[in-house]
Amino acid sequence: MSTHNQGTELDLSWISKIQVNHPAVLRRAGQIQARRPVKKEWQAAWLLKAVTFIDLTTLSGDDTSCNVQRLCYKAKYPIREDLLKALNMHDKGITTAAVCVYPARVCDAVKALKAVGCDIPVASVATGFPAGQTHLKTRLEEIRLAVEDGATEIDVVISRTLVLTGQWEGSDFIKTSTGKETVNATFPVAIVMLRAIRDFFWKTGNKVGFKPAGGIRSAKDSLAWLSLVKEELGDEWLKPELFRIGASTLLSDIERQIYHHVTGRYAAYHDLPMS
Amino acid sequence: MAATRAGPRAREIFTTLEYGPAPESHACALAWLDTQDRLLGHYVNGKWSKPEHRNSVPCQDPITGENLASCLQGQAQDVAAAVEAARTAFESWSKLPGAVRAQHLTRLAKVIQKHQRLLWTLESLVTGRAVREVRDGDVQLAQQLLHYHAVQAHTQEQALAGWEPMGVIGLILPSTFSFLEMMWRICPALAVGCTVVALVPPASPTPLLLAQLAGELGPFPGIINVISGPASLGPVLASQPGVQKVAFCGALEEGRALRRALAGEGAELGLALGAEALLLLSDAADVDSAVEGVVDAAWSDRSPGGLRLLVQESVWEETMRRLQARMARLRSGRGLDGAVDMGARGAAARDLAQRYVREAQSQGAQVSQEADSHHPLQVPWPVVVASPFRTAKEALALANGTPRGSSASVWSERLGQALELGYGLRVGTVWINSHGLRDPAVPIGGCKESGSSWHGGPDGLYEYLRPSGTPARLSYLSKNLNYDTFGLAVPSTLPAGPETGPTPAPPYGLFVGGRFQAPGARSSRPIQDAFGNLHGYVAEGGAKDIRGAVEAAHQATSGWAGQSPGARTALLWALAAALERRESTLASRLERQGVELKAAKAEVELSVRRLRTWGAQAEAEGQTLQVAALRGPVLRLREPLGVLAIVCPDERPLLAFVSLLAPALAHGNTVVMVPSGACPLLALEVCQDMATLFPAGLVNVVTGDRDHLTRCLALHQDVQALWYFGSAQGSQFVEWASAGNLKPVWVSRGLPRAWEQEAEGAGPELGLRAARTKALWLPMGD
């Protein structure tokens, strides 16, 4: 990550003064999805842009080097070359923003990316993911090990015990959830987070990034997320340094939509390579 | 790979991430216009009517200026034909069981559902409003309105027993309206059994399409008739025999003019004027959400009017920053583009907004930052006029300090503050932490100069009902009535012979501010009994006395309105007991007016009963509505009108006085009353008890020349409502003069009323007219 949140004096009055009206935020969430349809070549371009925000993720207990390798290949070649050519976008070097794996798989990912000649970062979840309920000491050690293995981005699970008791932590990026909860990235929650990011920027000049994760599966969803960020924060946040989408299956749906846009036909599942 | 369908722009868009157009095809709207050969006439009695020798106006795409169709300009005979069709249809439609009407309305909802694409593209094409708003908002709500009112029709016989449909309803719509405005009014009218003639501005095809869809449903073709024509046909429509009510929505001054023009015409007039809203943002608000409220209220195609924005000083800077940031992200353009917030509405709307902004600038306002909240003009769409306030109390004073009162939203996360403001705002609708929510079950209306008609909910139904057995409303226009001189001069009165009568004589004076006062004119008028003898003298009240009485009444309003219903009951019952004690005096005074002793006693008894009945009803007001789209309740509050002026009839000097007084007080109003002219002495007897029982100013009784006092009251800008029971000419004058502050008036049109009967003397109509409704939306969430 290029910029870092330089931090600021913790002023809890900022937090205590925040007012969030739940029904009003729900209404806004409903509106934002309906008010900005993106069609035709705009849709194709937006979808390709969405690809560049994806933290292509695998976080399964049964991950091995072989599926991590496949994931990394997909991260390097997210959209079929001929489709990109048809859109005249083949020379844009479109890749996903990063791959995201468990700490134990960082080594595999770094190796695989190197093999395909791809310099995108490897992100690792760490610190007792997804609950974060381990000792501070082991959590710090986990981060250290992941970095040693070559991870350049760490998704830290904050101690929600501390948050719920009013003891906040700072960060460069904030993420809607681990993606492993029953409810993950929802628009109302995102609206509240984005407004907090904007307020923090207005107060301190620091830009904090935003990463929704979990449950973002369709191309249509990804468009709504893009326009949500565009509406609430503006275009300056629409770059991989400040916006990521944590997803695993989203990419294949985007590729299907691009296929349809280019060919006018709906793709069969075997028409597109799996990740 | 097959030939690429992608345009060359993908590369560019990939970099800029701009929005593109999301155009909605309007082919079906054009195809429908083609079925009419691009010539639209009227839709009357289930058929298109395109009479010859009419002027026509082009219906244009507001963006491209492209001619879409020609629309005929109706003339008086077209209106007459439509009213005739509606009258014929009323004969059968009104006699159907409610359940059958319900079925028909449901079928209409289904037809709208089937043809919704045509509806929304046509509406968006010709009005320029954002298609998303029409598609996701208006068309859906139109169907919900039909369903809701179908249910009301179904239960009409039980739920609305004692009421009958008025008859033919004339509907006059402004040039900047959504077809939804028409639906809000025709649905309740049709549900209760009325039939409708709508006068729409030329070049509004959507109402014609709706009428066609309804007409093609079959058996009841004449229930909706649409005439397109200029606003000048409004009075023609209103004066057609058979038209029982005219519902008008539009600009304030047009409404005022219509009120004057229709004085003395038979039809009742329901006004809904102006579209300006208010948004009140406190320092305890979720400011970002409130800014979205501003977008809903002014910068979207949901609202036709502008917005007055009141912001607490401590969050002013923060709010303005967010507001401007949000403003920068608004998109406007062609309404048929699915990705715009506001459709371009053409030159007229733009000119109006520009004119307003220029004028505000010339008065020192900073555009997009600050402006004077006391700007006299109504704020046009999509202008927002913001001004700061210091405390919630001041906010309330600023908000209520305008003659308008349609709708407002309050943004505060402090429950107590939000409710305090919500209850305190004198408007028809208040949304807490939301803006512009609508539901068929929730009445929408206004107060003050925004007009006092209602649509939706229970109140919307009563707009088109009258108590069963009420005679049809006919024109009682007296052409030679001179509004300038009516009641202007008071004939002089001289001593009229020796005084006799029961002792003690009632105290001489006007009952104002809780005590008897000498009139400003320092003269008196003799009152004769039924046998031609002098019954007594009463004070000759005049303009100054009315002024004093209204002032006294105003001073008592907040105290009385703030009383608990139980306290109001107790006071009315105390007066009832006092009248019982005074029975013999009252009866003997009635005897002198020619009433037999037995009947006189019965009248006193009945008067006592009226006080008790209304006293008991003070408790049962308001209700909670449950709305489908909302988590949380909507409160339907019944609030006092304020100062209610009542001119009592000459007949039944005691019973009529009490029958009118009791509901007015029970609903929390303070009153200025002009008692029977023939025998004001009975009312003055009652005043003696009120002097000891009631808080000062609650009831004020002014005797004198009825026409003169009526004139003073009707022209008084600070009287909130007026009931007039007297001559036809007086009624006509009252209707005309009420245009000043658009106070709701109830006039007898010179007709007698059976005060001794339950329906007319103590029926629900009195209660309905004695208070106004307010809807308070309370969305909930953690």
# chains A, B, ... in the order shown; residues from 1 in each chain; ligands from 1
>>> interface_residues(of="chain A", to="chain B", cutoff="9 Å", atoms="only C-alpha atoms", output="PyMOL selection string")
chain A and resi 17-25+27-28+34-49+82-83+86-89+92+195+230-232+234-235+238+261-264
>>> select_by_dssp(residues="stretch 233-265 of chain A", states="strand (DSSP E or B)", output="number ranges by chain")
A: 243, 245-247
>>> write_last_selection(atoms="C-alpha atoms", output="compact mmCIF listing (two decimals), in the first residue's frame")
# COMPACT_ATOMS: atom_id res chain seq x y z
CA PHE A 243 -10.80 0.34 -2.65
CA ILE A 245 -13.52 -6.02 -3.11
CA GLY A 246 -12.88 -9.25 -1.26
CA ALA A 247 -14.38 -12.01 -3.40
>>> closest_residue(among="B:Leu310, B:Leu477, B:Val192, B:Met342", to="B:Leu461", atoms="only C-alpha atoms")
B:Val192
>>> residues_around(residues="stretch 481-491 of chain B", least_positions_apart="6", cutoff="9 Å", atoms="only C-alpha atoms", output="number ranges by chain")
B: 542, 704-712, 729-730, 732-733, 736-737
>>> write_last_selection(atoms="N, CA and C atoms", output="compact mmCIF listing (two decimals), in the first residue's frame")
# COMPACT_ATOMS: atom_id res chain seq x y z
N GLY B 542 -68.63 45.56 17.25
CA GLY B 542 -68.12 46.01 15.95
C GLY B 542 -66.76 45.43 15.66
N GLY B 704 -74.39 41.73 18.11
CA GLY B 704 -74.43 42.90 17.24
C GLY B 704 -75.03 42.57 15.90
N ASP B 705 -74.74 43.41 14.93
CA ASP B 705 -75.28 43.20 13.59
C ASP B 705 -74.57 42.00 12.96
N ARG B 706 -75.34 41.00 12.61
CA ARG B 706 -74.72 39.74 12.17
C ARG B 706 -73.90 39.90 10.91
N ASP B 707 -74.43 40.65 9.94
CA ASP B 707 -73.69 40.81 8.69
C ASP B 707 -72.36 41.51 8.94
N HIS B 708 -72.43 42.51 9.80
CA HIS B 708 -71.21 43.27 10.08
C HIS B 708 -70.17 42.39 10.79
N LEU B 709 -70.64 41.67 11.81
CA LEU B 709 -69.71 40.82 12.55
C LEU B 709 -69.17 39.70 11.66
N THR B 710 -70.05 39.17 10.80
CA THR B 710 -69.62 38.13 9.87
C THR B 710 -68.53 38.66 8.96
N ARG B 711 -68.74 39.85 8.46
CA ARG B 711 -67.73 40.47 7.59
C ARG B 711 -66.38 40.56 8.30
N CYS B 712 -66.43 41.06 9.55
CA CYS B 712 -65.18 41.22 10.30
C CYS B 712 -64.48 39.89 10.50
N GLN B 729 -76.84 35.08 1.27
CA GLN B 729 -75.87 36.12 0.91
C GLN B 729 -74.68 36.12 1.87
N GLY B 730 -74.97 35.94 3.14
CA GLY B 730 -73.90 35.87 4.13
C GLY B 730 -72.96 34.71 3.82
N GLN B 732 -72.42 33.32 0.94
CA GLN B 732 -71.64 33.63 -0.25
C GLN B 732 -70.49 34.58 0.11
N PHE B 733 -70.79 35.56 0.95
CA PHE B 733 -69.74 36.49 1.34
C PHE B 733 -68.63 35.77 2.09
N TRP B 736 -66.43 33.89 -0.22
CA TRP B 736 -65.58 34.81 -0.98
C TRP B 736 -64.43 35.34 -0.10
N ALA B 737 -64.81 35.80 1.10
CA ALA B 737 -63.82 36.46 1.95
C ALA B 737 -62.79 35.48 2.50
>>> residues_around(residues="B:Val734", least_positions_apart="5", cutoff="12 Å", atoms="only C-alpha atoms", output="number ranges by chain")
B: 259-260, 262-264, 481, 483, 486-487, 645-647, 707-716, 721-729, 739-749
>>> select_by_dssp(residues="stretch 13-251 of chain A", states="alpha helix (DSSP H)", output="PDB file with C-alpha atoms, in the first residue's frame")
ATOM      1  CA  SER A  13     -15.789  12.768  21.025  1.00  0.00           C
ATOM      2  CA  TRP A  14     -15.744  12.230  17.244  1.00  0.00           C
ATOM      3  CA  ILE A  15     -17.255   8.857  17.796  1.00  0.00           C
ATOM      4  CA  SER A  16     -19.686   9.848  20.485  1.00  0.00           C
ATOM      5  CA  LYS A  17     -20.984  12.704  18.333  1.00  0.00           C
ATOM      6  CA  HIS A  22     -30.855   3.331  10.755  1.00  0.00           C
ATOM      7  CA  PRO A  23     -34.063   3.556   8.689  1.00  0.00           C
ATOM      8  CA  ALA A  24     -32.723   6.553   6.768  1.00  0.00           C
ATOM      9  CA  VAL A  25     -29.520   4.702   5.952  1.00  0.00           C
ATOM     10  CA  LEU A  26     -31.561   1.699   4.819  1.00  0.00           C
ATOM     11  CA  ARG A  27     -33.530   3.955   2.478  1.00  0.00           C
ATOM     12  CA  ARG A  28     -30.354   5.429   1.044  1.00  0.00           C
ATOM     13  CA  ALA A  29     -28.997   1.926   0.539  1.00  0.00           C
ATOM     14  CA  GLY A  30     -32.104   0.999  -1.396  1.00  0.00           C
ATOM     15  CA  GLN A  31     -31.918   4.111  -3.539  1.00  0.00           C
ATOM     16  CA  ILE A  32     -28.263   3.846  -4.430  1.00  0.00           C
ATOM     17  CA  GLN A  33     -28.787   0.503  -6.098  1.00  0.00           C
ATOM     18  CA  ALA A  34     -31.655   1.766  -8.207  1.00  0.00           C
ATOM     19  CA  ARG A  35     -30.467   5.218  -9.165  1.00  0.00           C
ATOM     20  CA  LYS A  40     -23.611  -1.178 -22.466  1.00  0.00           C
ATOM     21  CA  GLU A  41     -19.936  -0.179 -22.917  1.00  0.00           C
ATOM     22  CA  TRP A  42     -20.088   1.714 -19.650  1.00  0.00           C
ATOM     23  CA  GLN A  43     -21.001  -1.529 -17.994  1.00  0.00           C
ATOM     24  CA  ALA A  44     -18.157  -3.385 -19.695  1.00  0.00           C
ATOM     25  CA  ALA A  45     -15.627  -0.736 -18.719  1.00  0.00           C
ATOM     26  CA  TRP A  46     -16.921  -0.574 -15.149  1.00  0.00           C
ATOM     27  CA  LEU A  47     -16.790  -4.335 -14.826  1.00  0.00           C
ATOM     28  CA  LEU A  48     -13.188  -4.416 -16.012  1.00  0.00           C
ATOM     29  CA  LYS A  49     -12.444  -1.719 -13.500  1.00  0.00           C
ATOM     30  CA  ALA A  50     -14.131  -3.810 -10.820  1.00  0.00           C
ATOM     31  CA  VAL A  51     -11.757  -6.651 -11.708  1.00  0.00           C
ATOM     32  CA  SER A  65      -0.648 -25.147  -3.231  1.00  0.00           C
ATOM     33  CA  CYS A  66      -2.426 -26.457  -6.315  1.00  0.00           C
ATOM     34  CA  ASN A  67      -5.590 -24.414  -5.976  1.00  0.00           C
ATOM     35  CA  VAL A  68      -3.615 -21.393  -4.780  1.00  0.00           C
ATOM     36  CA  GLN A  69      -1.574 -21.698  -7.956  1.00  0.00           C
ATOM     37  CA  ARG A  70      -4.726 -21.786 -10.048  1.00  0.00           C
ATOM     38  CA  LEU A  71      -5.985 -18.752  -8.168  1.00  0.00           C
ATOM     39  CA  CYS A  72      -2.806 -16.859  -8.906  1.00  0.00           C
ATOM     40  CA  TYR A  73      -3.000 -17.686 -12.571  1.00  0.00           C
ATOM     41  CA  LYS A  74      -6.542 -16.380 -12.627  1.00  0.00           C
ATOM     42  CA  ALA A  75      -5.416 -13.250 -10.822  1.00  0.00           C
ATOM     43  CA  LYS A  76      -2.917 -12.590 -13.583  1.00  0.00           C
ATOM     44  CA  GLU A  81      -7.559 -12.556 -23.740  1.00  0.00           C
ATOM     45  CA  ASP A  82      -9.855 -12.572 -26.812  1.00  0.00           C
ATOM     46  CA  LEU A  83     -12.586 -10.817 -24.852  1.00  0.00           C
ATOM     47  CA  LEU A  84     -10.164  -8.100 -23.782  1.00  0.00           C
ATOM     48  CA  LYS A  85      -8.974  -7.753 -27.370  1.00  0.00           C
ATOM     49  CA  ALA A  86     -12.516  -7.288 -28.559  1.00  0.00           C
ATOM     50  CA  VAL A 106       1.415 -17.096   1.452  1.00  0.00           C
ATOM     51  CA  CYS A 107       4.530 -18.979   0.353  1.00  0.00           C
ATOM     52  CA  ASP A 108       2.578 -20.862  -2.310  1.00  0.00           C
ATOM     53  CA  ALA A 109       1.004 -17.688  -3.583  1.00  0.00           C
ATOM     54  CA  VAL A 110       4.252 -15.746  -3.775  1.00  0.00           C
ATOM     55  CA  LYS A 111       5.861 -18.606  -5.661  1.00  0.00           C
ATOM     56  CA  ALA A 112       2.951 -19.041  -8.054  1.00  0.00           C
ATOM     57  CA  LEU A 113       2.746 -15.341  -8.852  1.00  0.00           C
ATOM     58  CA  LYS A 114       6.443 -15.221  -9.504  1.00  0.00           C
ATOM     59  CA  ALA A 115       6.068 -18.184 -11.831  1.00  0.00           C
ATOM     60  CA  LEU A 136      -1.830 -10.594  21.232  1.00  0.00           C
ATOM     61  CA  LYS A 137       1.556 -12.273  21.220  1.00  0.00           C
ATOM     62  CA  THR A 138       0.592 -15.024  18.771  1.00  0.00           C
ATOM     63  CA  ARG A 139      -1.288 -12.581  16.642  1.00  0.00           C
ATOM     64  CA  LEU A 140       1.738 -10.356  16.250  1.00  0.00           C
ATOM     65  CA  GLU A 141       3.884 -13.382  15.530  1.00  0.00           C
ATOM     66  CA  GLU A 142       1.409 -14.501  12.864  1.00  0.00           C
ATOM     67  CA  ILE A 143       1.771 -11.170  11.092  1.00  0.00           C
ATOM     68  CA  ARG A 144       5.532 -11.301  11.301  1.00  0.00           C
ATOM     69  CA  LEU A 145       5.606 -14.787   9.763  1.00  0.00           C
ATOM     70  CA  ALA A 146       3.248 -13.869   6.942  1.00  0.00           C
ATOM     71  CA  VAL A 147       5.372 -10.835   6.092  1.00  0.00           C
ATOM     72  CA  GLU A 148       8.473 -12.954   6.185  1.00  0.00           C
ATOM     73  CA  ARG A 160     -14.059  -6.958  18.649  1.00  0.00           C
ATOM     74  CA  THR A 161     -13.953  -7.404  22.373  1.00  0.00           C
ATOM     75  CA  LEU A 162     -12.085  -4.110  22.540  1.00  0.00           C
ATOM     76  CA  VAL A 163     -14.409  -2.385  20.045  1.00  0.00           C
ATOM     77  CA  LEU A 164     -17.562  -3.409  21.806  1.00  0.00           C
ATOM     78  CA  PHE A 187     -24.939  -1.538   1.709  1.00  0.00           C
ATOM     79  CA  PRO A 188     -26.283   0.083   4.870  1.00  0.00           C
ATOM     80  CA  VAL A 189     -23.184  -0.890   6.830  1.00  0.00           C
ATOM     81  CA  ALA A 190     -20.984   0.239   3.973  1.00  0.00           C
ATOM     82  CA  ILE A 191     -22.703   3.637   3.829  1.00  0.00           C
ATOM     83  CA  VAL A 192     -21.949   4.246   7.479  1.00  0.00           C
ATOM     84  CA  MET A 193     -18.314   3.182   7.018  1.00  0.00           C
ATOM     85  CA  LEU A 194     -17.818   5.288   3.901  1.00  0.00           C
ATOM     86  CA  ARG A 195     -19.214   8.344   5.614  1.00  0.00           C
ATOM     87  CA  ALA A 196     -16.827   7.762   8.494  1.00  0.00           C
ATOM     88  CA  ILE A 197     -13.934   7.537   6.024  1.00  0.00           C
ATOM     89  CA  ARG A 198     -15.002  10.820   4.438  1.00  0.00           C
ATOM     90  CA  ASP A 199     -15.363  12.558   7.794  1.00  0.00           C
ATOM     91  CA  PHE A 200     -11.929  11.330   8.848  1.00  0.00           C
ATOM     92  CA  PHE A 201     -10.483  12.630   5.589  1.00  0.00           C
ATOM     93  CA  TRP A 202     -12.160  16.002   6.062  1.00  0.00           C
ATOM     94  CA  LYS A 203     -10.832  16.222   9.597  1.00  0.00           C
ATOM     95  CA  THR A 204      -7.274  14.936   9.111  1.00  0.00           C
ATOM     96  CA  ALA A 219     -21.333  -8.543 -11.565  1.00  0.00           C
ATOM     97  CA  LYS A 220     -24.374  -6.407 -10.846  1.00  0.00           C
ATOM     98  CA  ASP A 221     -23.441  -6.276  -7.164  1.00  0.00           C
ATOM     99  CA  SER A 222     -19.945  -5.133  -8.015  1.00  0.00           C
ATOM    100  CA  LEU A 223     -21.317  -2.274 -10.123  1.00  0.00           C
ATOM    101  CA  ALA A 224     -23.476  -1.171  -7.220  1.00  0.00           C
ATOM    102  CA  TRP A 225     -20.431  -1.205  -4.938  1.00  0.00           C
ATOM    103  CA  LEU A 226     -18.490   0.927  -7.355  1.00  0.00           C
ATOM    104  CA  SER A 227     -21.231   3.476  -7.659  1.00  0.00           C
ATOM    105  CA  LEU A 228     -21.706   3.460  -3.900  1.00  0.00           C
ATOM    106  CA  VAL A 229     -18.066   4.442  -3.405  1.00  0.00           C
ATOM    107  CA  LYS A 230     -18.281   6.935  -6.248  1.00  0.00           C
ATOM    108  CA  GLU A 231     -21.381   8.551  -4.752  1.00  0.00           C
ATOM    109  CA  GLU A 232     -20.317   8.643  -1.135  1.00  0.00           C
ATOM    110  CA  LEU A 250     -17.382 -12.638  -8.346  1.00  0.00           C
ATOM    111  CA  LEU A 251     -14.712 -12.731 -11.011  1.00  0.00           C
TER     112      LEU A 251
END
>>> residues_around(residues="A:Cys100", least_positions_apart="3", cutoff="8 Å", atoms="only C-alpha atoms", output="number ranges by chain")
A: 55-59, 122-125
>>> write_last_selection(atoms="N, CA and C atoms", output="tab-separated table (two decimals), in the first residue's frame")
chain	number	residue	atom	x	y	z
A	55	ASP	N	-9.70	-8.40	-4.52
A	55	ASP	CA	-8.73	-9.23	-3.80
A	55	ASP	C	-9.21	-10.66	-4.03
A	56	LEU	N	-8.63	-11.32	-5.01
A	56	LEU	CA	-9.10	-12.66	-5.35
A	56	LEU	C	-8.71	-13.59	-4.22
A	57	THR	N	-9.72	-14.20	-3.65
A	57	THR	CA	-9.54	-14.78	-2.34
A	57	THR	C	-9.83	-16.28	-2.33
A	58	THR	N	-9.00	-17.03	-1.63
A	58	THR	CA	-9.43	-18.36	-1.22
A	58	THR	C	-9.09	-18.53	0.25
A	59	LEU	N	-10.08	-18.81	1.04
A	59	LEU	CA	-9.90	-18.96	2.48
A	59	LEU	C	-10.63	-20.19	2.93
A	122	VAL	N	0.49	-10.03	-2.48
A	122	VAL	CA	-0.18	-11.13	-1.80
A	122	VAL	C	-0.68	-10.58	-0.46
A	123	ALA	N	-1.97	-10.74	-0.26
A	123	ALA	CA	-2.54	-10.30	1.01
A	123	ALA	C	-2.80	-11.53	1.84
A	124	SER	N	-2.61	-11.37	3.13
A	124	SER	CA	-2.90	-12.50	3.99
A	124	SER	C	-3.81	-12.05	5.12
A	125	VAL	N	-4.80	-12.87	5.39
A	125	VAL	CA	-5.54	-12.64	6.61
A	125	VAL	C	-4.63	-13.14	7.72
>>> decode(residues="stretch 734-773 of chain B", atoms="C-alpha atoms", output="PDB file, in the first residue's frame")
ATOM      1  CA  VAL B 734     -68.041  34.168   3.790  1.00  0.00           C
ATOM      2  CA  GLU B 735     -66.905  31.869   0.988  1.00  0.00           C
ATOM      3  CA  TRP B 736     -65.575  34.814  -0.982  1.00  0.00           C
ATOM      4  CA  ALA B 737     -63.817  36.463   1.948  1.00  0.00           C
ATOM      5  CA  SER B 738     -62.240  33.238   3.167  1.00  0.00           C
ATOM      6  CA  ALA B 739     -59.894  33.432   0.187  1.00  0.00           C
ATOM      7  CA  GLY B 740     -57.825  35.911   2.197  1.00  0.00           C
ATOM      8  CA  ASN B 741     -56.168  33.366   4.476  1.00  0.00           C
ATOM      9  CA  LEU B 742     -57.924  30.379   2.905  1.00  0.00           C
ATOM     10  CA  LYS B 743     -59.501  29.444   6.203  1.00  0.00           C
ATOM     11  CA  PRO B 744     -61.781  26.440   5.950  1.00  0.00           C
ATOM     12  CA  VAL B 745     -65.376  27.595   6.034  1.00  0.00           C
ATOM     13  CA  TRP B 746     -68.612  25.755   6.599  1.00  0.00           C
ATOM     14  CA  VAL B 747     -71.661  27.684   5.459  1.00  0.00           C
ATOM     15  CA  SER B 748     -75.358  26.893   5.593  1.00  0.00           C
ATOM     16  CA  ARG B 749     -76.103  28.511   2.211  1.00  0.00           C
ATOM     17  CA  GLY B 750     -79.303  29.925   3.720  1.00  0.00           C
ATOM     18  CA  LEU B 751     -80.710  26.480   4.419  1.00  0.00           C
ATOM     19  CA  PRO B 752     -82.179  25.595   7.812  1.00  0.00           C
ATOM     20  CA  ARG B 753     -80.709  22.789   9.863  1.00  0.00           C
ATOM     21  CA  ALA B 754     -82.554  20.388  12.143  1.00  0.00           C
ATOM     22  CA  TRP B 755     -80.597  21.082  15.327  1.00  0.00           C
ATOM     23  CA  GLU B 756     -82.821  18.875  17.426  1.00  0.00           C
ATOM     24  CA  GLN B 757     -81.982  15.796  15.377  1.00  0.00           C
ATOM     25  CA  GLU B 758     -78.954  13.699  16.168  1.00  0.00           C
ATOM     26  CA  ALA B 759     -77.526  13.640  12.655  1.00  0.00           C
ATOM     27  CA  GLU B 760     -77.598  17.376  12.039  1.00  0.00           C
ATOM     28  CA  GLY B 761     -77.320  18.606  15.605  1.00  0.00           C
ATOM     29  CA  ALA B 762     -74.653  16.288  16.922  1.00  0.00           C
ATOM     30  CA  GLY B 763     -73.526  14.163  13.998  1.00  0.00           C
ATOM     31  CA  PRO B 764     -69.977  13.154  13.163  1.00  0.00           C
ATOM     32  CA  GLU B 765     -69.825  15.913  10.542  1.00  0.00           C
ATOM     33  CA  LEU B 766     -69.398  18.477  13.327  1.00  0.00           C
ATOM     34  CA  GLY B 767     -66.542  16.558  14.858  1.00  0.00           C
ATOM     35  CA  LEU B 768     -64.915  16.153  11.487  1.00  0.00           C
ATOM     36  CA  ARG B 769     -65.014  19.871  10.832  1.00  0.00           C
ATOM     37  CA  ALA B 770     -63.922  20.877  14.329  1.00  0.00           C
ATOM     38  CA  ALA B 771     -60.376  19.592  14.071  1.00  0.00           C
ATOM     39  CA  ARG B 772     -57.704  19.077  11.492  1.00  0.00           C
ATOM     40  CA  THR B 773     -55.658  16.012  10.813  1.00  0.00           C
TER      41      THR B 773
END
